[in-house]
Amino acid sequence: MSTGAETLYSVRTSFPDILQIDRDCTISIPVYRSGAVVAPSSATVALYGPSGAAVVATTSATITDGIATFTIAAASLTGEGDATLGEGWQEVWTLTLPDGTTRTYDRDAALARQPDHGDRWFDRLASRD
């Protein structure tokens, strides 16, 4: 008997991605079902700067070890034009999941000079929960 229930998926993003100016940056978005990573069959990603302009137009992402992944070229992260330093960046992921449904997930991001400091700060903050 079919219940018609929708399959539930979740993403876990405790904090924004911190991108580094003038460096290739790899971003990813793991998707979970019942606590386990599930591999999307396909994925696209777009990256928008604080002005809302596309810094990376919608493009295919790769699926690496079951996780949608994309490397943003350093040339897109110059700190100039639409690629300004600071908060307000947005990743838009569109994933086709194992059951054939397509879901879109937005993730906040920021462009910084040295993201390692930001990542450690967020890790310390998260460990206080």
# chains A, B, ... in the order shown; residues from 1 in each chain; ligands from 1
$ select_by_dssp --residues "chain A" --states "strand (DSSP E or B)" --output "NGL selection string"
:A and (10-11 or 17-20 or 25-29 or 31-33 or 36-37 or 42-48 or 54-60 or 62-64 or 67-72 or 86-96 or 102-112)
$ select_by_dssp --residues "region 76-122 of chain A" --states "helix (DSSP H, G or I)" --output "VMD selection string"
chain A and resid 76 115 to 122
$ write_last_selection --atoms "N, CA and C atoms" --output "mmCIF file, in the first residue's frame"
data_model
loop_
_atom_site.group_PDB
_atom_site.id
_atom_site.type_symbol
_atom_site.label_atom_id
_atom_site.label_comp_id
_atom_site.auth_asym_id
_atom_site.auth_seq_id
_atom_site.Cartn_x
_atom_site.Cartn_y
_atom_site.Cartn_z
ATOM 1 N N SER A 76 37.212 34.217 -10.290
ATOM 2 C CA SER A 76 35.861 34.693 -9.960
ATOM 3 C C SER A 76 35.802 35.377 -8.602
ATOM 4 N N PRO A 115 40.172 32.915 5.073
ATOM 5 C CA PRO A 115 39.025 32.185 5.618
ATOM 6 C C PRO A 115 39.373 31.215 6.727
ATOM 7 N N ASP A 116 40.625 30.790 6.835
ATOM 8 C CA ASP A 116 40.966 29.840 7.897
ATOM 9 C C ASP A 116 40.623 30.410 9.264
ATOM 10 N N HIS A 117 40.848 31.706 9.449
ATOM 11 C CA HIS A 117 40.519 32.320 10.735
ATOM 12 C C HIS A 117 39.008 32.261 10.971
ATOM 13 N N GLY A 118 38.233 32.523 9.929
ATOM 14 C CA GLY A 118 36.781 32.467 10.053
ATOM 15 C C GLY A 118 36.294 31.071 10.363
ATOM 16 N N ASP A 119 36.871 30.053 9.680
ATOM 17 C CA ASP A 119 36.453 28.680 9.921
ATOM 18 C C ASP A 119 36.733 28.278 11.365
ATOM 19 N N ARG A 120 37.906 28.630 11.885
ATOM 20 C CA ARG A 120 38.215 28.274 13.269
ATOM 21 C C ARG A 120 37.284 28.998 14.233
ATOM 22 N N TRP A 121 36.950 30.239 13.924
ATOM 23 C CA TRP A 121 36.040 30.991 14.781
ATOM 24 C C TRP A 121 34.678 30.311 14.813
ATOM 25 N N PHE A 122 34.172 29.918 13.636
ATOM 26 C CA PHE A 122 32.881 29.243 13.594
ATOM 27 C C PHE A 122 32.942 27.895 14.302
#
$ residues_around --residues "Arg103 (chain A)" --least-positions-apart "4" --cutoff "10 Å" --atoms "only C-alpha atoms" --output "number ranges by chain"
A: 9, 43, 93-97
$ write_last_selection --atoms "C-alpha atoms" --output "compact mmCIF listing (two decimals), in the first residue's frame"
# COMPACT_ATOMS: atom_id res chain seq x y z
CA TYR A 9 16.08 14.90 2.99
CA ALA A 43 23.71 18.74 -9.21
CA TRP A 93 22.36 24.30 -5.23
CA THR A 94 19.84 22.32 -7.29
CA LEU A 95 20.08 18.59 -6.66
CA THR A 96 18.33 15.64 -8.25
CA LEU A 97 17.97 13.12 -5.43
$ closest_residue --among "A:Ser14, A:Thr58, A:Thr104, A:Ser51" --to "Gly88 (chain A)" --atoms "only C-alpha atoms"
A:Ser51
$ closest_residue --among "A:Gly86, A:Gly66, A:Gly35, A:Pro30" --to "Pro50 (chain A)" --atoms "only C-alpha atoms"
A:Gly86
$ residues_around --residues "Ala73 (chain A)" --least-positions-apart "4" --cutoff "10 Å" --atoms "only C-alpha atoms" --output "PyMOL selection string"
chain A and resi 22-26+56+77-78
$ decode --residues "region 59-92 of chain A" --atoms "N, CA and C atoms" --output "PDB file, in the first residue's frame"
ATOM      1  N   THR A  59      25.937  26.157 -13.178  1.00  0.00           N
ATOM      2  CA  THR A  59      26.828  25.218 -13.851  1.00  0.00           C
ATOM      3  C   THR A  59      26.762  23.867 -13.148  1.00  0.00           C
ATOM      4  N   SER A  60      27.182  22.833 -13.829  1.00  0.00           N
ATOM      5  CA  SER A  60      27.151  21.495 -13.242  1.00  0.00           C
ATOM      6  C   SER A  60      28.177  21.362 -12.128  1.00  0.00           C
ATOM      7  N   ALA A  61      27.782  20.672 -11.070  1.00  0.00           N
ATOM      8  CA  ALA A  61      28.683  20.309  -9.987  1.00  0.00           C
ATOM      9  C   ALA A  61      29.027  18.835 -10.148  1.00  0.00           C
ATOM     10  N   THR A  62      30.087  18.405  -9.491  1.00  0.00           N
ATOM     11  CA  THR A  62      30.441  16.990  -9.524  1.00  0.00           C
ATOM     12  C   THR A  62      29.927  16.322  -8.247  1.00  0.00           C
ATOM     13  N   ILE A  63      29.761  15.015  -8.321  1.00  0.00           N
ATOM     14  CA  ILE A  63      29.384  14.239  -7.151  1.00  0.00           C
ATOM     15  C   ILE A  63      30.637  13.460  -6.741  1.00  0.00           C
ATOM     16  N   THR A  64      31.211  13.835  -5.601  1.00  0.00           N
ATOM     17  CA  THR A  64      32.443  13.226  -5.103  1.00  0.00           C
ATOM     18  C   THR A  64      32.152  12.553  -3.767  1.00  0.00           C
ATOM     19  N   ASP A  65      32.367  11.258  -3.719  1.00  0.00           N
ATOM     20  CA  ASP A  65      32.073  10.477  -2.508  1.00  0.00           C
ATOM     21  C   ASP A  65      30.643  10.729  -2.021  1.00  0.00           C
ATOM     22  N   GLY A  66      29.716  10.854  -2.962  1.00  0.00           N
ATOM     23  CA  GLY A  66      28.307  11.016  -2.630  1.00  0.00           C
ATOM     24  C   GLY A  66      27.884  12.433  -2.285  1.00  0.00           C
ATOM     25  N   ILE A  67      28.794  13.410  -2.425  1.00  0.00           N
ATOM     26  CA  ILE A  67      28.507  14.794  -2.038  1.00  0.00           C
ATOM     27  C   ILE A  67      28.672  15.713  -3.246  1.00  0.00           C
ATOM     28  N   ALA A  68      27.693  16.591  -3.466  1.00  0.00           N
ATOM     29  CA  ALA A  68      27.778  17.574  -4.552  1.00  0.00           C
ATOM     30  C   ALA A  68      28.888  18.568  -4.221  1.00  0.00           C
ATOM     31  N   THR A  69      29.809  18.747  -5.178  1.00  0.00           N
ATOM     32  CA  THR A  69      31.012  19.551  -4.958  1.00  0.00           C
ATOM     33  C   THR A  69      31.292  20.402  -6.188  1.00  0.00           C
ATOM     34  N   PHE A  70      31.837  21.605  -5.942  1.00  0.00           N
ATOM     35  CA  PHE A  70      32.201  22.492  -7.047  1.00  0.00           C
ATOM     36  C   PHE A  70      33.395  23.341  -6.631  1.00  0.00           C
ATOM     37  N   THR A  71      34.325  23.543  -7.549  1.00  0.00           N
ATOM     38  CA  THR A  71      35.466  24.415  -7.279  1.00  0.00           C
ATOM     39  C   THR A  71      35.267  25.743  -8.001  1.00  0.00           C
ATOM     40  N   ILE A  72      35.253  26.813  -7.226  1.00  0.00           N
ATOM     41  CA  ILE A  72      35.123  28.168  -7.759  1.00  0.00           C
ATOM     42  C   ILE A  72      36.522  28.642  -8.131  1.00  0.00           C
ATOM     43  N   ALA A  73      36.703  29.068  -9.359  1.00  0.00           N
ATOM     44  CA  ALA A  73      38.015  29.524  -9.820  1.00  0.00           C
ATOM     45  C   ALA A  73      38.406  30.829  -9.142  1.00  0.00           C
ATOM     46  N   ALA A  74      39.687  30.958  -8.837  1.00  0.00           N
ATOM     47  CA  ALA A  74      40.212  32.165  -8.196  1.00  0.00           C
ATOM     48  C   ALA A  74      39.853  33.420  -8.995  1.00  0.00           C
ATOM     49  N   ALA A  75      39.799  33.303 -10.304  1.00  0.00           N
ATOM     50  CA  ALA A  75      39.484  34.455 -11.151  1.00  0.00           C
ATOM     51  C   ALA A  75      38.093  35.020 -10.889  1.00  0.00           C
ATOM     52  N   SER A  76      37.212  34.217 -10.290  1.00  0.00           N
ATOM     53  CA  SER A  76      35.861  34.693  -9.960  1.00  0.00           C
ATOM     54  C   SER A  76      35.802  35.377  -8.602  1.00  0.00           C
ATOM     55  N   LEU A  77      36.864  35.235  -7.820  1.00  0.00           N
ATOM     56  CA  LEU A  77      36.871  35.727  -6.433  1.00  0.00           C
ATOM     57  C   LEU A  77      37.926  36.819  -6.260  1.00  0.00           C
ATOM     58  N   THR A  78      37.784  37.877  -7.029  1.00  0.00           N
ATOM     59  CA  THR A  78      38.813  38.919  -7.089  1.00  0.00           C
ATOM     60  C   THR A  78      38.674  40.000  -6.027  1.00  0.00           C
ATOM     61  N   GLY A  79      37.503  40.133  -5.439  1.00  0.00           N
ATOM     62  CA  GLY A  79      37.271  41.236  -4.504  1.00  0.00           C
ATOM     63  C   GLY A  79      36.855  42.514  -5.210  1.00  0.00           C
ATOM     64  N   GLU A  80      36.657  42.437  -6.520  1.00  0.00           N
ATOM     65  CA  GLU A  80      36.277  43.610  -7.311  1.00  0.00           C
ATOM     66  C   GLU A  80      34.944  43.368  -8.013  1.00  0.00           C
ATOM     67  N   GLY A  81      34.314  44.432  -8.476  1.00  0.00           N
ATOM     68  CA  GLY A  81      33.046  44.316  -9.197  1.00  0.00           C
ATOM     69  C   GLY A  81      31.985  43.677  -8.330  1.00  0.00           C
ATOM     70  N   ASP A  82      31.360  42.607  -8.842  1.00  0.00           N
ATOM     71  CA  ASP A  82      30.318  41.904  -8.091  1.00  0.00           C
ATOM     72  C   ASP A  82      30.904  40.951  -7.055  1.00  0.00           C
ATOM     73  N   ALA A  83      32.205  40.755  -7.071  1.00  0.00           N
ATOM     74  CA  ALA A  83      32.860  39.809  -6.162  1.00  0.00           C
ATOM     75  C   ALA A  83      33.521  40.538  -4.996  1.00  0.00           C
ATOM     76  N   THR A  84      32.739  41.307  -4.249  1.00  0.00           N
ATOM     77  CA  THR A  84      33.295  42.123  -3.169  1.00  0.00           C
ATOM     78  C   THR A  84      33.483  41.329  -1.883  1.00  0.00           C
ATOM     79  N   LEU A  85      34.439  41.790  -1.083  1.00  0.00           N
ATOM     80  CA  LEU A  85      34.701  41.165   0.211  1.00  0.00           C
ATOM     81  C   LEU A  85      33.508  41.335   1.149  1.00  0.00           C
ATOM     82  N   GLY A  86      33.307  40.351   2.012  1.00  0.00           N
ATOM     83  CA  GLY A  86      32.283  40.469   3.044  1.00  0.00           C
ATOM     84  C   GLY A  86      31.187  39.434   2.920  1.00  0.00           C
ATOM     85  N   GLU A  87      30.138  39.676   3.676  1.00  0.00           N
ATOM     86  CA  GLU A  87      28.983  38.782   3.733  1.00  0.00           C
ATOM     87  C   GLU A  87      28.024  39.066   2.587  1.00  0.00           C
ATOM     88  N   GLY A  88      26.950  38.311   2.558  1.00  0.00           N
ATOM     89  CA  GLY A  88      25.888  38.552   1.586  1.00  0.00           C
ATOM     90  C   GLY A  88      25.978  37.703   0.336  1.00  0.00           C
ATOM     91  N   TRP A  89      26.924  36.790   0.278  1.00  0.00           N
ATOM     92  CA  TRP A  89      27.046  35.874  -0.850  1.00  0.00           C
ATOM     93  C   TRP A  89      26.013  34.760  -0.699  1.00  0.00           C
ATOM     94  N   GLN A  90      25.625  34.154  -1.812  1.00  0.00           N
ATOM     95  CA  GLN A  90      24.618  33.095  -1.775  1.00  0.00           C
ATOM     96  C   GLN A  90      24.991  31.992  -2.760  1.00  0.00           C
ATOM     97  N   GLU A  91      25.047  30.768  -2.264  1.00  0.00           N
ATOM     98  CA  GLU A  91      25.184  29.591  -3.121  1.00  0.00           C
ATOM     99  C   GLU A  91      23.775  29.043  -3.341  1.00  0.00           C
ATOM    100  N   VAL A  92      23.454  28.687  -4.565  1.00  0.00           N
ATOM    101  CA  VAL A  92      22.162  28.066  -4.859  1.00  0.00           C
ATOM    102  C   VAL A  92      22.443  26.716  -5.518  1.00  0.00           C
TER     103      VAL A  92
END
